[in-house]
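Peer 1: This is the structure I want to talk about, given as C-alpha cells.
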Amino acid sequence: MRIQQGSSWIFLSKSTMLRLEMLVYTFSALCIAAKAELKARNCSETREACVARGFSFTHVPLQEIPGEHLRVCPQGNTCCSQEMEDAFGQRSKQEFGDLVDEMSHTLRSMFVSRHQKFDEFFLELLENTERSLNEMFKRTYGKPYMQNAEVFENLFAELKRYYTGGNVNLEEMLNDFWSRLLERMFTLLNSQYVITEDYLECVSKYTDQLKPFGDVPRKLKAQVTRAFIAARTFVQGLSVGREVAQRVSKVSSTPACMRALTKMSYCPFCQGMPAVKPCKNYCLNVIKGCLANQADLDPEWNHYIDAMLLVALRLEGPFNIESVMDPIDVKISDAIMNMQDNSAQVSYKAFQGCGQPKPAGMTRSARGVPDVFNARFRPYNPDERPTTAAGTSLDRLVVDIKEKLKQSKRFWSSLPEEMCVDTRLAAGNATDDQCWNGHTKGRYFPEVVLDGLTNQLNNPEVNVDITRPDTLIRQQIMALRVMTNKLKNAYNGNDIYFQDSSDEGSGSGSGSGCTEACPTEADVAPPEAPAVEADRRGPVESSSSSLLPPMGLLTTLALSALVLQIHWR
C-alpha cells in the first residue's frame, strides 16, 4: 500500500498496515469506555430519586466520589455523602415500621371490630332479655311480681357483672337466686302464717329435698353457666388478640436491622441505580432477621386461634347464649308454676322439717292460699325474638368470626413473604440478575434462612443476637398462652376463675363441661331421703364426723395405733 505525502509517495508494508488498524481500534475502544465511565459517574438519577422521595439534602454529588466515609453501603466510588447515608438509615427504619403497621392493619381492625360487635351483642341480649322478662311478668303476675322484682333485677345485674369481668361465681349466684325466690314464693303461698327470717332460713336448708321448682334450676344452671363462660371467655379472647396484634405490630428495629434495611433499600441509590429493587430472597433474609422475634410468636398464636375456633363452635352449638337467654323467662315461669302446683306438698314437707309456723290471724289468714301466680307464659314465636343493635344473630356473628380467625393463622411467620412480594420493598417478579443483591445488580446466591430467632444464627444479612429474645414479644407469648388455657377450659364448660382447689379430681369450676343436662348430686343420691325430725334444727348432718357412732370411733383409734406401731418398728 502507498500513501501520498506531499509530492512523494510512501509505501507501507502489510504488517505495518495491520499495526495501524489495531491502533485505531484500540483508540476507539478507549473512547467508548471513557464515555461509559463518564456516564456511570453521573449521579443525576440519584439526585432525581432523592427529590422524588422527599429528601432535602444540602449536597448531592454531581458525580461519583470516593466512598471511604460510608459505614453501611459499599465504599467504592459513590453518589452518597455521609449525610445521605444517615438519612437513608432513618428513612429505612420509618418505612419498615410503616409497612409492618400497614400489613397488620387488616388483622388489627378485624379484632377491634369483632370484639365490639360481640360485646354489643351480648350486652344488649342481656338488656333485652331482662326487659322482656320484666314486661311479661308484670302482665302475667302483676302486683306479686312488682313487690319482688328486685330478686330478678339482682339476677340480671349479677349476670352482667360476671360477663363484664366481675368476680362472680355463677353457680353460687344462681343457687342464691333460687333460694331468694323460694323464700318469696313460700311466704306468698303461706300468707296465712307468720313466716320469719329464721323460719325461711330453715326452709332453704331443705331445698334439695323439697325440689320446689322441679328440675328447672338444675337444667338452667348447667345451661347458663356454660353459655356465659363461653361468651365471656370468647370476648376476652378477642380482646387479648386485639392487644397482642397492636403491640407486636409496633416494631422496634435493632441497629443491625437498620443497617441491613438501609443496605437493602437505599444503597442502590449510592451506586447510581436507584430504580433497581432488592432481590426477593435477599429481602426475605433481611426481613426474617428483623422480624425474628415476631415469628417466634406464631406457634402460640396458632394455638390461640385454634382454641378460639373451638369456643366459637360451642357458641353456635350447645353453649349458645342466645338460645339460653331468649326463653329464660318462660323457664323461670315454669319453675314458679311447678311450685304453685305443688305448694301443698312443699309446705307440708317444710312444716315437717321446720315445724308449724304461727297463724297470722283472721285478717291475713282469711285469704287462704291464693293463686298468686295464676298464669303461664306462652312460648316465644321465633319471629318475635328480640333484635339487638348488632343487627345480626349470634349464629351469623360466629360464622363471620370463624372465617376471619382461620385467615389469621400463621400471620406472623408469613409476614416476611407478604412484605417481600410488595413491589415497594423488593423486585417482585424481576429476573434474578436484574435486582439488587446487596453489592451490585445481579443474582442473589445465599439460601433463605428459616423462621424464628434461633434460625437467624446463620442469617447472611442481619447480625441477630439469638441469646437476647425481645421482652415485649415474650410477654405477648405468655398472654396468648394464658388465654389459650382459659379458652380450652371454656370449651369444656369450665371457668378457671372458680375451680375448686380443694377438689383435686374435679376442676369443674363454674361450669360442668357436659354437653347435655348435667347430673347433680341429687341424681346420684339414694332415692329415699333420710327422715327428719319435726323440729327446726335443719337437715340431718349424717356425714358429720362429730356424729360417728362409738364403735366407729373405737375402730378408727385402734387402726391408728396399729399404724403407729408398725411405723416405729
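Identifiers in the C-alpha cells: chain A, B, ... in order shown; residue index from 1 per chain; ligand index from 1 in order shown.
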If you count only C-alpha atoms, which residues fall within 12 Å of Ser44 in chain A, apart from same-chain ones fewer than 4 positions away, as a compact mmCIF listing (two decimals) with N, CA and C atoms, in the first residue's frame?

Peer 2:
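And here is the file that came out, selection19.txt:
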```
# COMPACT_ATOMS: atom_id res chain seq x y z
N LYS A 39 -20.46 8.41 32.03
CA LYS A 39 -21.88 8.27 32.31
C LYS A 39 -22.12 7.62 33.66
N ALA A 40 -21.34 6.60 34.04
CA ALA A 40 -21.52 5.91 35.32
C ALA A 40 -21.26 6.84 36.48
N GLU A 48 -32.38 12.93 41.30
CA GLU A 48 -33.80 12.97 40.98
C GLU A 48 -34.61 12.04 41.89
N ALA A 49 -34.08 10.86 42.16
CA ALA A 49 -34.79 9.90 43.02
C ALA A 49 -34.91 10.43 44.45
N CYS A 50 -33.87 11.11 44.93
CA CYS A 50 -33.92 11.67 46.29
C CYS A 50 -34.97 12.76 46.39
N VAL A 51 -35.05 13.59 45.37
CA VAL A 51 -36.08 14.64 45.37
C VAL A 51 -37.47 14.01 45.34
N VAL A 60 -25.81 16.86 47.16
CA VAL A 60 -25.78 15.55 46.50
C VAL A 60 -24.73 15.64 45.40
N PRO A 61 -23.74 14.76 45.41
CA PRO A 61 -22.66 14.83 44.40
C PRO A 61 -23.20 14.80 42.98
N LEU A 62 -22.62 15.62 42.12
CA LEU A 62 -22.98 15.58 40.70
C LEU A 62 -22.43 14.34 40.04
N GLN A 63 -21.25 13.93 40.50
CA GLN A 63 -20.63 12.71 40.00
C GLN A 63 -20.14 11.90 41.19
N GLU A 64 -19.82 10.65 40.93
CA GLU A 64 -19.37 9.76 42.00
C GLU A 64 -18.13 10.33 42.68
N CYS A 79 -22.36 7.84 45.01
CA CYS A 79 -23.12 9.08 44.83
C CYS A 79 -23.67 9.60 46.15
N CYS A 80 -23.24 9.02 47.27
CA CYS A 80 -23.80 9.37 48.58
C CYS A 80 -22.77 10.06 49.46
N PHE A 269 -29.10 3.56 45.64
CA PHE A 269 -29.01 5.00 45.35
C PHE A 269 -27.54 5.42 45.28
N CYS A 270 -26.76 4.94 46.22
CA CYS A 270 -25.34 5.32 46.27
C CYS A 270 -24.56 4.76 45.09
N GLN A 271 -25.07 3.70 44.48
CA GLN A 271 -24.41 3.11 43.32
C GLN A 271 -24.91 3.72 42.01
N GLY A 272 -25.75 4.75 42.14
CA GLY A 272 -26.25 5.42 40.93
C GLY A 272 -27.33 4.67 40.21
N MET A 273 -27.99 3.70 40.87
CA MET A 273 -29.08 2.95 40.23
C MET A 273 -30.27 2.86 41.20
N PRO A 274 -30.90 3.97 41.50
CA PRO A 274 -31.98 3.99 42.50
C PRO A 274 -33.22 3.22 42.07
```

Peer 1: How would you write, as a VMD selection string, the set of residues in range 34-243 of chain A that DSSP gives as helix (DSSP H, G or I)?

Peer 2: chain A and resid 34 to 40 44 to 52 82 to 103 105 to 141 143 to 147 149 to 163 170 to 189 197 to 204 207 to 210 216 to 243

Peer 1: Between A:Asp296, A:Glu45, A:Asp98, A:Glu158, which one has atoms that come closest to Ile473 in chain A, using only C-alpha atoms?

Peer 2: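 Closest to Ile473 in chain A of all the choices is A:Asp296.
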
Peer 1: As an exercise, work out the distance from CA of Arg71 in chain A to CA of Lys263 in chain A in Å and give it to one decimal place.

Peer 2: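 Those two atoms sit 10.0 Å apart.
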
Peer 1: Pick out the residues sitting within 8 Å of range 100-110 of chain A, and hand them over as number ranges by chain; count only C-alpha atoms, and ignore anything fewer than 6 positions along from it in its own chain.

Peer 2: A: 242, 245-246, 249-251, 404, 408, 415, 418-419

Peer 1: Residues at most 7 Å from range 234-237 of chain A, counting only C-alpha atoms, excluding those fewer than 6 positions away in the same chain, as a list of chain:residue names?

Peer 2: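 Everything that qualifies: A:His115, A:Phe118, A:Asp119, A:Met308, A:Val311, A:Met483.
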
Peer 1: Considering only C-alpha atoms, can you say which of A:Leu405, A:Met146, A:Ile328, A:Met264 comes closest to Trp436 in chain A?

Peer 2: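 Of all the options, A:Met264 lies closest to Trp436 in chain A.
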
Peer 1: Counting only C-alpha atoms, which of A:Val248, A:Leu487, A:Ala360, A:Ala427 gets nearest to Thr233 in chain A?

Peer 2: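 Using only C-alpha atoms, the shortest distance to Thr233 in chain A belongs to A:Leu487.
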
Peer 1: Find the spatial neighbours of range 151-155 of chain A, counting only C-alpha atoms, within a cut-off of 7 Å - ignore same-chain residues fewer than 6 positions away - and output them as a PDB file with C-alpha atoms, in the first residue's frame.

Peer 2:
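Listed below is the output, around10.pdb:
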```pdb
ATOM      1  CA  PHE A 177     -81.334 -16.632  93.184  1.00  0.00           C
ATOM      2  CA  ARG A 180     -84.340 -15.963  97.368  1.00  0.00           C
ATOM      3  CA  LEU A 181     -87.186 -16.911  95.010  1.00  0.00           C
TER       4      LEU A 181
END
```

Peer 1: To one decimal in Å, tell me the separation between CA of Asp465 in chain A and CA of Leu453 in chain A.

Peer 2: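 Result for CA of Asp465 in chain A versus CA of Leu453 in chain A: 8.4 Å, one decimal.
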
Peer 1: Let's see if you can do this: from backbone DSSP, list all strand (DSSP E or B) residues in range 13-225 of chain A, as a ChimeraX atom specification.

Peer 2: /A:42,63,65,78,193-194

Peer 1: Please provide as a list in words all residues within 12 Å of Val216 in chain A, with the sequence filter that same-chain residues fewer than 6 positions apart are discarded (counting only C-alpha atoms).

Peer 2: Leu174, Asn175, Trp178, Ala222, Gln223, Val224, Ile328, Asp329, Val330, Lys331, Ile332, Ser333, Asp334, Ala335, Ile336, Met337, Asn338, Met339, Ala517 and Cys518 of chain A

Peer 1: Can you work out which one of A:Pro217, A:Pro359, A:Gly317, A:Pro144 has the shortest atom-to-atom distance to Met173 in chain A, counting only C-alpha atoms?

Peer 2: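 Among the listed residues, the smallest separation from Met173 in chain A belongs to A:Pro217.
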